[in-house]
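Asker: The file below is model-v1.cif, mmCIF, C-alpha atoms and all ligand atoms:
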```
data_input
loop_
_atom_site.label_atom_id
_atom_site.label_comp_id
_atom_site.auth_asym_id
_atom_site.auth_seq_id
_atom_site.Cartn_x
_atom_site.Cartn_y
_atom_site.Cartn_z
CA MET A 755 -19.10 19.81 80.48
CA TYR A 756 -15.70 19.07 78.94
CA TYR A 757 -13.37 20.92 81.26
CA ASP A 758 -13.10 23.11 84.30
CA GLU A 759 -10.36 25.24 85.82
CA ASN A 760 -8.46 22.13 86.96
CA THR A 761 -8.50 20.24 83.66
CA VAL A 762 -5.12 19.47 82.14
CA ILE A 763 -4.60 18.92 78.43
CA PHE A 764 -1.53 18.03 76.42
CA TYR A 765 -0.78 20.87 74.07
CA ASN A 766 2.19 21.56 71.89
CA GLY A 767 4.64 19.42 73.81
CA GLU A 768 3.54 20.04 77.38
CA PHE A 769 0.81 19.49 79.91
CA VAL A 770 -1.09 22.74 80.44
CA LYS A 771 -4.38 23.94 81.88
CA ALA A 772 -7.26 23.73 79.38
CA THR A 773 -8.31 27.23 80.36
CA GLU A 774 -4.91 28.65 79.47
CA ALA A 775 -4.24 27.03 76.07
CA LYS A 776 -4.59 29.18 72.96
CA VAL A 777 -4.89 28.11 69.34
CA SER A 778 -3.93 30.48 66.53
CA LEU A 779 -6.80 32.27 64.84
CA TYR A 780 -4.90 31.71 61.58
CA SER A 781 -4.73 27.91 61.90
CA GLN A 782 -5.80 26.23 58.70
CA THR A 783 -7.85 23.77 60.75
CA LEU A 784 -10.12 26.55 61.96
CA HIS A 785 -10.68 28.00 58.50
CA TYR A 786 -10.73 24.99 56.18
CA GLY A 787 -11.08 21.90 58.37
CA ASN A 788 -7.67 20.48 57.55
CA GLY A 789 -6.94 18.75 60.83
CA VAL A 790 -7.13 15.16 62.01
CA PHE A 791 -8.49 13.77 65.23
CA GLU A 792 -9.46 10.60 67.06
CA GLY A 793 -12.19 9.45 69.39
CA ILE A 794 -10.83 6.97 71.90
CA ARG A 795 -12.12 5.54 75.15
CA SER A 796 -10.50 4.38 78.29
CA TYR A 797 -12.26 2.11 80.72
CA GLU A 798 -11.77 1.45 84.39
CA THR A 799 -10.68 -2.16 84.66
CA SER A 800 -9.42 -4.25 87.56
CA GLU A 801 -5.92 -3.30 86.42
CA GLY A 802 -6.67 0.45 86.34
CA ALA A 803 -7.44 2.66 83.36
CA LYS A 804 -7.16 0.79 80.09
CA ILE A 805 -7.25 2.60 76.77
CA PHE A 806 -9.14 0.42 74.32
CA LYS A 807 -7.22 -0.20 71.08
CA ALA A 808 -4.86 2.75 71.55
CA LYS A 809 -2.57 1.41 68.83
CA GLU A 810 -5.32 1.18 66.22
CA HIS A 811 -6.62 4.67 67.03
CA TYR A 812 -3.21 6.29 66.92
CA GLU A 813 -2.30 4.47 63.72
CA ARG A 814 -5.46 5.89 62.16
CA LEU A 815 -4.50 9.37 63.40
CA LYS A 816 -1.06 9.04 61.84
CA PHE A 817 -2.57 7.72 58.60
CA GLY A 818 -4.87 10.77 58.47
CA ALA A 819 -2.00 13.18 59.04
CA GLU A 820 -0.01 11.48 56.32
CA VAL A 821 -2.69 11.57 53.63
CA MET A 822 -3.56 15.17 54.49
CA ASN A 823 0.10 16.20 54.36
CA ILE A 824 0.07 17.35 57.95
CA ASP A 825 3.43 17.35 59.74
CA PHE A 826 3.17 14.89 62.59
CA ASP A 827 6.12 13.11 64.13
CA TYR A 828 4.80 11.42 67.28
CA SER A 829 5.05 7.64 67.39
CA VAL A 830 2.17 5.42 68.46
CA ALA A 831 4.12 4.48 71.60
CA GLN A 832 4.72 8.15 72.53
CA LEU A 833 1.08 9.03 71.93
CA THR A 834 -0.13 6.13 74.06
CA GLU A 835 2.24 7.00 76.88
CA LEU A 836 1.22 10.67 76.81
CA THR A 837 -2.43 9.69 76.92
CA TYR A 838 -2.00 7.47 79.97
CA GLU A 839 -0.16 10.30 81.69
CA LEU A 840 -2.92 12.74 80.78
CA LEU A 841 -5.57 10.45 82.24
CA GLU A 842 -3.58 10.19 85.42
CA ARG A 843 -3.04 13.93 85.68
CA ASN A 844 -6.80 14.41 85.39
CA GLY A 845 -7.64 11.55 87.75
CA LEU A 846 -9.73 9.86 85.03
CA LYS A 847 -10.30 6.19 84.30
CA ASP A 848 -13.63 5.98 82.43
CA ALA A 849 -12.93 8.67 79.90
CA TYR A 850 -13.35 9.85 76.37
CA ILE A 851 -10.06 10.88 74.80
CA ARG A 852 -9.85 13.39 71.98
CA PRO A 853 -6.49 13.85 70.26
CA LEU A 854 -6.54 16.58 67.64
CA VAL A 855 -3.79 17.62 65.30
CA VAL A 856 -4.21 21.29 64.46
CA THR A 857 -2.33 22.64 61.47
CA GLY A 858 -0.23 25.77 61.31
CA GLU A 859 -1.08 29.22 60.04
CA ASN A 860 -1.96 29.27 56.37
CA MET A 861 -4.84 30.94 54.61
CA GLY A 862 -3.97 29.22 51.34
CA VAL A 863 -5.50 25.93 50.28
CA PHE A 864 -2.38 23.81 50.40
CA SER A 865 -1.27 22.11 53.61
CA ALA A 866 0.20 24.40 56.22
CA GLU A 867 3.63 23.78 57.64
CA GLY A 868 3.85 22.63 61.22
CA SER A 869 1.17 21.34 63.52
CA ASP A 870 0.20 21.25 67.17
CA LEU A 871 -0.94 18.11 68.94
CA ILE A 872 -3.73 18.59 71.43
CA ILE A 873 -4.95 15.72 73.60
CA GLN A 874 -8.00 16.32 75.72
CA CYS A 875 -9.96 13.92 77.86
CA TRP A 876 -13.07 14.09 79.95
CA GLN A 877 -15.21 11.88 82.13
CA TRP A 878 -17.29 9.59 80.01
CA GLY A 879 -21.05 9.88 79.83
CA LYS A 880 -22.72 7.49 77.42
CA LEU A 881 -23.46 9.23 74.14
CA MET A 882 -26.20 7.06 72.81
CA GLY A 883 -27.64 5.54 75.98
CA GLU A 884 -28.89 2.00 76.43
CA ARG A 885 -32.23 2.20 74.69
CA LEU A 886 -32.81 1.16 71.10
CA LEU A 887 -32.41 3.90 68.54
CA ARG A 888 -34.99 5.36 66.23
CA VAL A 889 -33.08 6.11 63.07
CA LYS A 890 -33.97 8.14 60.00
CA THR A 891 -32.36 8.01 56.59
CA SER A 892 -30.77 11.35 55.84
CA ARG A 893 -31.02 13.18 52.53
CA PHE A 894 -27.25 13.73 52.83
CA GLN A 895 -24.99 11.02 51.40
CA ARG A 896 -21.54 10.03 52.63
CA PRO A 897 -18.80 11.79 50.66
CA ASN A 898 -17.52 10.43 47.38
CA PRO A 899 -14.31 8.50 48.18
CA ASN A 900 -12.74 10.06 45.10
CA ALA A 901 -13.26 13.51 46.62
CA CYS A 902 -11.52 12.89 49.94
CA PHE A 903 -9.95 10.18 52.10
CA VAL A 904 -13.09 8.81 53.74
CA GLU A 905 -11.07 6.52 56.01
CA ALA A 906 -9.12 9.41 57.49
CA LYS A 907 -10.67 11.13 60.48
CA VAL A 908 -10.39 14.65 59.10
CA THR A 909 -12.12 17.46 60.99
CA GLY A 910 -13.70 18.93 57.83
CA HIS A 911 -15.40 15.66 56.93
CA TYR A 912 -17.62 15.99 59.96
CA ILE A 913 -19.67 18.73 58.32
CA ASN A 914 -21.40 15.85 56.54
CA SER A 915 -22.21 14.14 59.85
CA ILE A 916 -23.42 17.40 61.38
CA LEU A 917 -25.76 18.09 58.46
CA ALA A 918 -27.25 14.61 58.66
CA SER A 919 -27.64 14.70 62.46
CA ASN A 920 -29.22 18.14 62.42
CA GLU A 921 -31.72 17.01 59.83
CA VAL A 922 -32.92 13.89 61.63
CA LYS A 923 -32.74 15.22 65.19
CA ARG A 924 -34.93 18.15 64.19
CA ALA A 925 -37.41 15.60 62.87
CA GLY A 926 -37.43 13.89 66.29
CA TYR A 927 -35.18 10.89 65.56
CA ASP A 928 -32.12 9.72 67.52
CA GLU A 929 -29.62 9.17 64.75
CA ALA A 930 -29.08 9.53 61.02
CA LEU A 931 -28.40 6.78 58.52
CA LEU A 932 -26.40 7.88 55.48
CA LEU A 933 -26.32 6.16 52.13
CA ASP A 934 -23.28 6.24 49.89
CA MET A 935 -23.17 7.95 46.49
CA ASN A 936 -24.40 4.74 44.83
CA GLY A 937 -27.45 4.49 47.06
CA HIS A 938 -26.12 1.69 49.23
CA VAL A 939 -26.41 1.81 52.99
CA ALA A 940 -23.16 3.29 54.32
CA GLU A 941 -23.13 4.21 58.00
CA CYS A 942 -24.45 6.43 60.75
CA SER A 943 -23.11 9.96 61.30
CA GLY A 944 -20.56 8.55 63.77
CA ALA A 945 -20.88 4.76 63.76
CA ASN A 946 -20.93 1.76 61.42
CA ILE A 947 -23.97 -0.40 60.75
CA PHE A 948 -24.68 -4.14 60.76
CA MET A 949 -27.94 -5.87 59.96
CA GLU A 950 -29.12 -9.38 60.78
CA LYS A 951 -31.27 -11.29 58.31
CA ASP A 952 -32.16 -14.97 58.41
CA GLY A 953 -29.36 -15.67 60.88
CA CYS A 954 -26.62 -13.96 58.86
CA LEU A 955 -25.01 -10.60 59.61
CA TYR A 956 -24.22 -8.06 56.91
CA THR A 957 -22.13 -4.90 57.05
CA PRO A 958 -21.08 -2.58 54.21
CA PRO A 959 -17.52 -3.20 52.96
CA LYS A 960 -14.79 -0.59 53.30
CA GLY A 961 -14.64 1.99 50.54
CA HIS A 962 -17.33 4.55 51.31
CA ILE A 963 -17.24 4.29 55.10
CA MET A 964 -15.02 5.01 58.07
CA ALA A 965 -13.15 1.78 58.75
CA GLY A 966 -14.36 1.64 62.32
CA ILE A 967 -12.18 0.09 65.00
CA THR A 968 -15.31 -1.13 66.77
CA ARG A 969 -16.52 -2.61 63.48
CA ALA A 970 -13.23 -4.53 63.20
CA THR A 971 -13.54 -5.70 66.81
CA VAL A 972 -17.11 -6.88 66.22
CA LEU A 973 -16.00 -8.77 63.10
CA GLU A 974 -13.41 -10.55 65.25
CA LEU A 975 -16.01 -11.35 67.88
CA CYS A 976 -18.32 -12.73 65.16
CA GLU A 977 -15.59 -15.06 64.04
CA GLU A 978 -15.03 -16.22 67.58
CA LEU A 979 -18.74 -16.84 68.10
CA GLY A 980 -19.05 -18.59 64.75
CA PHE A 981 -21.52 -15.97 63.45
CA GLU A 982 -21.73 -15.80 59.70
CA VAL A 983 -21.02 -12.24 58.55
CA LYS A 984 -20.77 -10.83 55.05
CA GLU A 985 -19.06 -7.56 54.22
CA GLN A 986 -21.19 -6.61 51.26
CA HIS A 987 -23.26 -3.73 49.95
CA PHE A 988 -26.96 -3.66 50.68
CA THR A 989 -29.75 -1.23 49.98
CA LEU A 990 -32.20 0.59 52.18
CA ALA A 991 -34.87 -1.85 50.96
CA ASP A 992 -32.69 -4.74 52.20
CA LEU A 993 -32.30 -3.03 55.56
CA LYS A 994 -36.05 -2.60 55.72
CA SER A 995 -36.54 -6.32 55.44
CA ALA A 996 -33.90 -7.21 58.05
CA ASP A 997 -34.74 -8.90 61.34
CA SER A 998 -32.53 -6.66 63.44
CA ALA A 999 -29.77 -4.07 63.12
CA PHE A 1000 -27.16 -2.30 65.23
CA PHE A 1001 -24.54 0.43 65.13
CA THR A 1002 -20.92 0.06 66.22
CA GLY A 1003 -18.56 2.82 67.28
CA THR A 1004 -16.18 3.85 70.02
CA ALA A 1005 -18.81 6.12 71.52
CA ALA A 1006 -21.85 3.95 70.79
CA GLU A 1007 -20.12 0.63 71.48
CA VAL A 1008 -22.72 -1.82 70.10
CA ILE A 1009 -26.23 -0.41 70.17
CA GLY A 1010 -29.44 -1.80 68.72
CA LEU A 1011 -31.86 -0.10 66.35
CA GLN A 1012 -35.55 -0.01 67.04
CA SER A 1013 -36.52 1.33 63.65
CA ILE A 1014 -35.33 2.84 60.40
CA ASP A 1015 -37.76 5.42 59.03
CA GLU A 1016 -41.20 3.80 59.20
CA TYR A 1017 -39.81 0.24 59.52
CA GLU A 1018 -39.68 -1.39 62.96
CA PHE A 1019 -37.18 -4.24 63.26
CA PRO A 1020 -39.32 -7.29 64.08
CA MET A 1021 -36.86 -9.35 66.12
CA GLU A 1022 -36.74 -8.73 69.83
CA TRP A 1023 -33.35 -7.15 70.59
CA LYS A 1024 -32.75 -9.68 73.37
CA SER A 1025 -32.90 -12.55 70.85
CA SER A 1026 -30.63 -10.88 68.29
CA LYS A 1027 -27.00 -11.58 67.50
CA GLY A 1028 -26.40 -7.85 68.06
CA ASN A 1029 -27.37 -8.23 71.69
CA GLN A 1030 -24.88 -11.07 72.18
CA LEU A 1031 -22.19 -8.99 70.50
CA MET A 1032 -23.08 -5.98 72.63
CA LYS A 1033 -22.56 -8.00 75.81
CA LEU A 1034 -19.34 -9.53 74.61
CA TYR A 1035 -18.00 -6.17 73.45
CA LYS A 1036 -18.60 -4.67 76.89
CA GLN A 1037 -16.63 -7.54 78.45
CA GLU A 1038 -13.88 -7.09 75.89
CA VAL A 1039 -13.36 -3.38 76.58
CA LEU A 1040 -13.37 -3.99 80.32
CA GLY A 1041 -10.71 -6.69 79.94
CA LEU A 1042 -13.02 -9.25 81.53
CA ARG A 1043 -12.73 -11.86 78.83
CA LYS A 1044 -8.99 -12.39 79.13
CA LYS A 1045 -9.41 -12.81 82.85
CA GLN A 1046 -12.03 -15.49 82.34
CA THR A 1047 -9.72 -17.37 79.97
CA VAL A 1048 -6.86 -17.21 82.47
CA LEU A 1049 -9.13 -18.56 85.20
N1 LIG B 1101 -18.24 6.10 61.11
C1 LIG B 1101 -17.96 7.39 61.35
C2 LIG B 1101 -18.37 8.41 60.34
C3 LIG B 1101 -17.30 7.76 62.52
O1 LIG B 1101 -17.04 9.04 62.77
C4 LIG B 1101 -16.94 6.77 63.45
C5 LIG B 1101 -16.26 7.15 64.72
N2 LIG B 1101 -14.87 7.23 64.52
C6 LIG B 1101 -17.26 5.44 63.16
C7 LIG B 1101 -17.89 5.13 61.98
C8 LIG B 1101 -16.90 4.33 64.11
O2 LIG B 1101 -15.51 4.21 64.19
P1 LIG B 1101 -14.79 3.62 65.51
O3 LIG B 1101 -15.41 2.30 65.76
O4 LIG B 1101 -13.38 3.54 65.13
O5 LIG B 1101 -15.07 4.58 66.61
#
```
I need this file expressed as structure tokens, please.
Ligand code: PMP
Answerer:
Amino acid sequence: MYYDENTVIFYNGEFVKATEAKVSLYSQTLHYGNGVFEGIRSYETSEGAKIFKAKEHYERLKFGAEVMNIDFDYSVAQLTELTYELLERNGLKDAYIRPLVVTGENMGVFSAEGSDLIIQCWQWGKLMGERLLRVKTSRFQRPNPNACFVEAKVTGHYINSILASNEVKRAGYDEALLLDMNGHVAECSGANIFMEKDGCLYTPPKGHIMAGITRATVLELCEELGFEVKEQHFTLADLKSADSAFFTGTAAEVIGLQSIDEYEFPMEWKSSKGNQLMKLYKQEVLGLRKKQTVL
């Protein structure tokens, strides 16, 4: 699914075949989850492949490496350039891009010296689909922000997402909603959440959540559209009295929720602010909006 014998990846300073690359069995990333990664998308636009918000994604990768004390010297410009070259070498335009910084060999629990940068990409297939999601609240909470850097995309943090997803998917739901340690609504296993109530949008503030790049984009779009939006904590009970809700994420883009646990969102998705934002977001990533303004 992710690669075949022709797939090229960037690994440790060069472009190599995915089938030929080898990672050390003694890498700290493999044993303890001390690695950082990104999830980026590129879209086929009228001007060719366009990586959406490459700068923001690579800045977040560098931030993660810094707080985790992982050696990582690439600049945002170098990373962006390498990624465009990788897409070209693989003949991809609509793609998912996965940079991963793997740490060196160290079986101790202090950061290893040295790191390898891996960039992989593959043809994009929509992760969440177009239909509305049936979501279940997970028994697992998002991690305590005093226990780790929740805003860094650290490989080990994703155990939390995997636990929550496993739980709800086994129960027949599409996605998991996680609360934070204080019982407030936090986010999905891999996306941020917004709810609409009485014409106003709400999304949890930064602090216990991944500061999503899609979330930031949607906040900008809200401002442009004149939508009132409040970054404030809310509870599950608040969510269960909302008119509508949606998730935002690089993979999910903007996707509506049908239900949370037993609660069905009453507003028709087509009439929701989320639906307008979903459409606008799709235009934004495809570079269609700038073109319209120029015309
Ligand atoms: N929350 C979590 C836990 C995530 O893993 C992601 C994906 N990076 C998001 C939210 C959405 O972030 P973004 O919009 O930057 O993809």
Asker: What is the distance, in Å and to one decimal place, between CA of Tyr956 in chain A and CA of Ala906 in chain A?
Answerer: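 Computing it gives 23.1 Å between the two atoms.
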Asker: Quick one: which chain A residues come within 9 Å of ligand LIG 1101 (chain B), and what is the nearest atom pair for each with the distance in Å to one decimal, counting all atoms listed in the file, rows ordered by chain and ascending number, as a Markdown table?
Answerer:
```
| residue | atom | partner | partner_atom | distance |
| --- | --- | --- | --- | --- |
| A:Glu792 | CA | B:LIG1101 | N2 | 6.9 |
| A:Gly793 | CA | B:LIG1101 | N2 | 6.0 |
| A:Ile794 | CA | B:LIG1101 | O5 | 7.2 |
| A:Glu810 | CA | B:LIG1101 | O4 | 8.5 |
| A:His811 | CA | B:LIG1101 | O4 | 7.1 |
| A:Arg814 | CA | B:LIG1101 | O4 | 8.8 |
| A:Arg896 | CA | B:LIG1101 | C2 | 8.5 |
| A:Val904 | CA | B:LIG1101 | C2 | 8.5 |
| A:Glu905 | CA | B:LIG1101 | C2 | 8.7 |
| A:Lys907 | CA | B:LIG1101 | N2 | 7.0 |
| A:His911 | CA | B:LIG1101 | C2 | 8.5 |
| A:Tyr912 | CA | B:LIG1101 | O1 | 7.5 |
| A:Asn914 | CA | B:LIG1101 | C2 | 8.9 |
| A:Ser915 | CA | B:LIG1101 | C2 | 6.9 |
| A:Ala940 | CA | B:LIG1101 | N1 | 8.8 |
| A:Glu941 | CA | B:LIG1101 | N1 | 6.1 |
| A:Cys942 | CA | B:LIG1101 | N1 | 6.2 |
| A:Ser943 | CA | B:LIG1101 | C2 | 5.1 |
| A:Gly944 | CA | B:LIG1101 | C3 | 3.6 |
| A:Ala945 | CA | B:LIG1101 | C7 | 3.5 |
| A:Asn946 | CA | B:LIG1101 | C7 | 4.6 |
| A:Ile947 | CA | B:LIG1101 | C7 | 8.3 |
| A:Ile963 | CA | B:LIG1101 | N1 | 6.4 |
| A:Met964 | CA | B:LIG1101 | N1 | 4.6 |
| A:Ala965 | CA | B:LIG1101 | O2 | 6.4 |
| A:Gly966 | CA | B:LIG1101 | O2 | 3.4 |
| A:Ile967 | CA | B:LIG1101 | O4 | 3.7 |
| A:Thr968 | CA | B:LIG1101 | O3 | 3.6 |
| A:Arg969 | CA | B:LIG1101 | O3 | 5.5 |
| A:Ala970 | CA | B:LIG1101 | O3 | 7.6 |
| A:Thr971 | CA | B:LIG1101 | O3 | 8.3 |
| A:Phe1001 | CA | B:LIG1101 | C8 | 8.6 |
| A:Thr1002 | CA | B:LIG1101 | O3 | 6.0 |
| A:Gly1003 | CA | B:LIG1101 | O3 | 3.5 |
| A:Thr1004 | CA | B:LIG1101 | O5 | 3.7 |
| A:Ala1005 | CA | B:LIG1101 | O5 | 6.4 |
| A:Ala1006 | CA | B:LIG1101 | O5 | 8.0 |
| A:Glu1007 | CA | B:LIG1101 | O3 | 7.6 |
```
Asker: Can you measure CA of Glu801 in chain A to CA of Arg852 in chain A for me? One decimal in Å is fine.
Answerer: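 For CA of Glu801 in chain A relative to CA of Arg852 in chain A, the distance reads 22.4 Å.
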Asker: Could you tell me, as an MDAnalysis selection string, which residues have any atom at most 12 Å from (-1.9, 24.8, 54.1), counting all atoms listed in the file?
Answerer: chainID A and resid 780:789 822:825 856:869
Asker: Just checking: using all atoms listed in the file, which residue out of A:Ile872, A:His962, A:Glu950, A:Cys976 ends up closest to Pro897 in chain A?
Answerer: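 Answer, going by the shortest atom-to-atom distance: A:His962.
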Asker: Name all residues at most 9 Å from range 830-836 of chain A (count all atoms listed in the file; drop same-chain ones fewer than 2 positions away) and give them as a PyMOL selection string.
Answerer: chain A and resi 764+805+808-813+816+828+838-841+873
Asker: Report, in Å with one decimal, the straight-line distance from CA of Ser1025 in chain A to CA of Ser998 in chain A.
Answerer: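 For CA of Ser1025 in chain A relative to CA of Ser998 in chain A, the distance reads 9.5 Å.
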Asker: Go through A:Ile851, A:Val777, A:Leu1034, A:Leu973 one by one, measure the shortest atom-to-atom distance of each to Ser796 in chain A using only C-alpha atoms, and give the residue with the smallest value.
Answerer: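 Checking each candidate against Ser796 in chain A, we get A:Ile851 as the closest.
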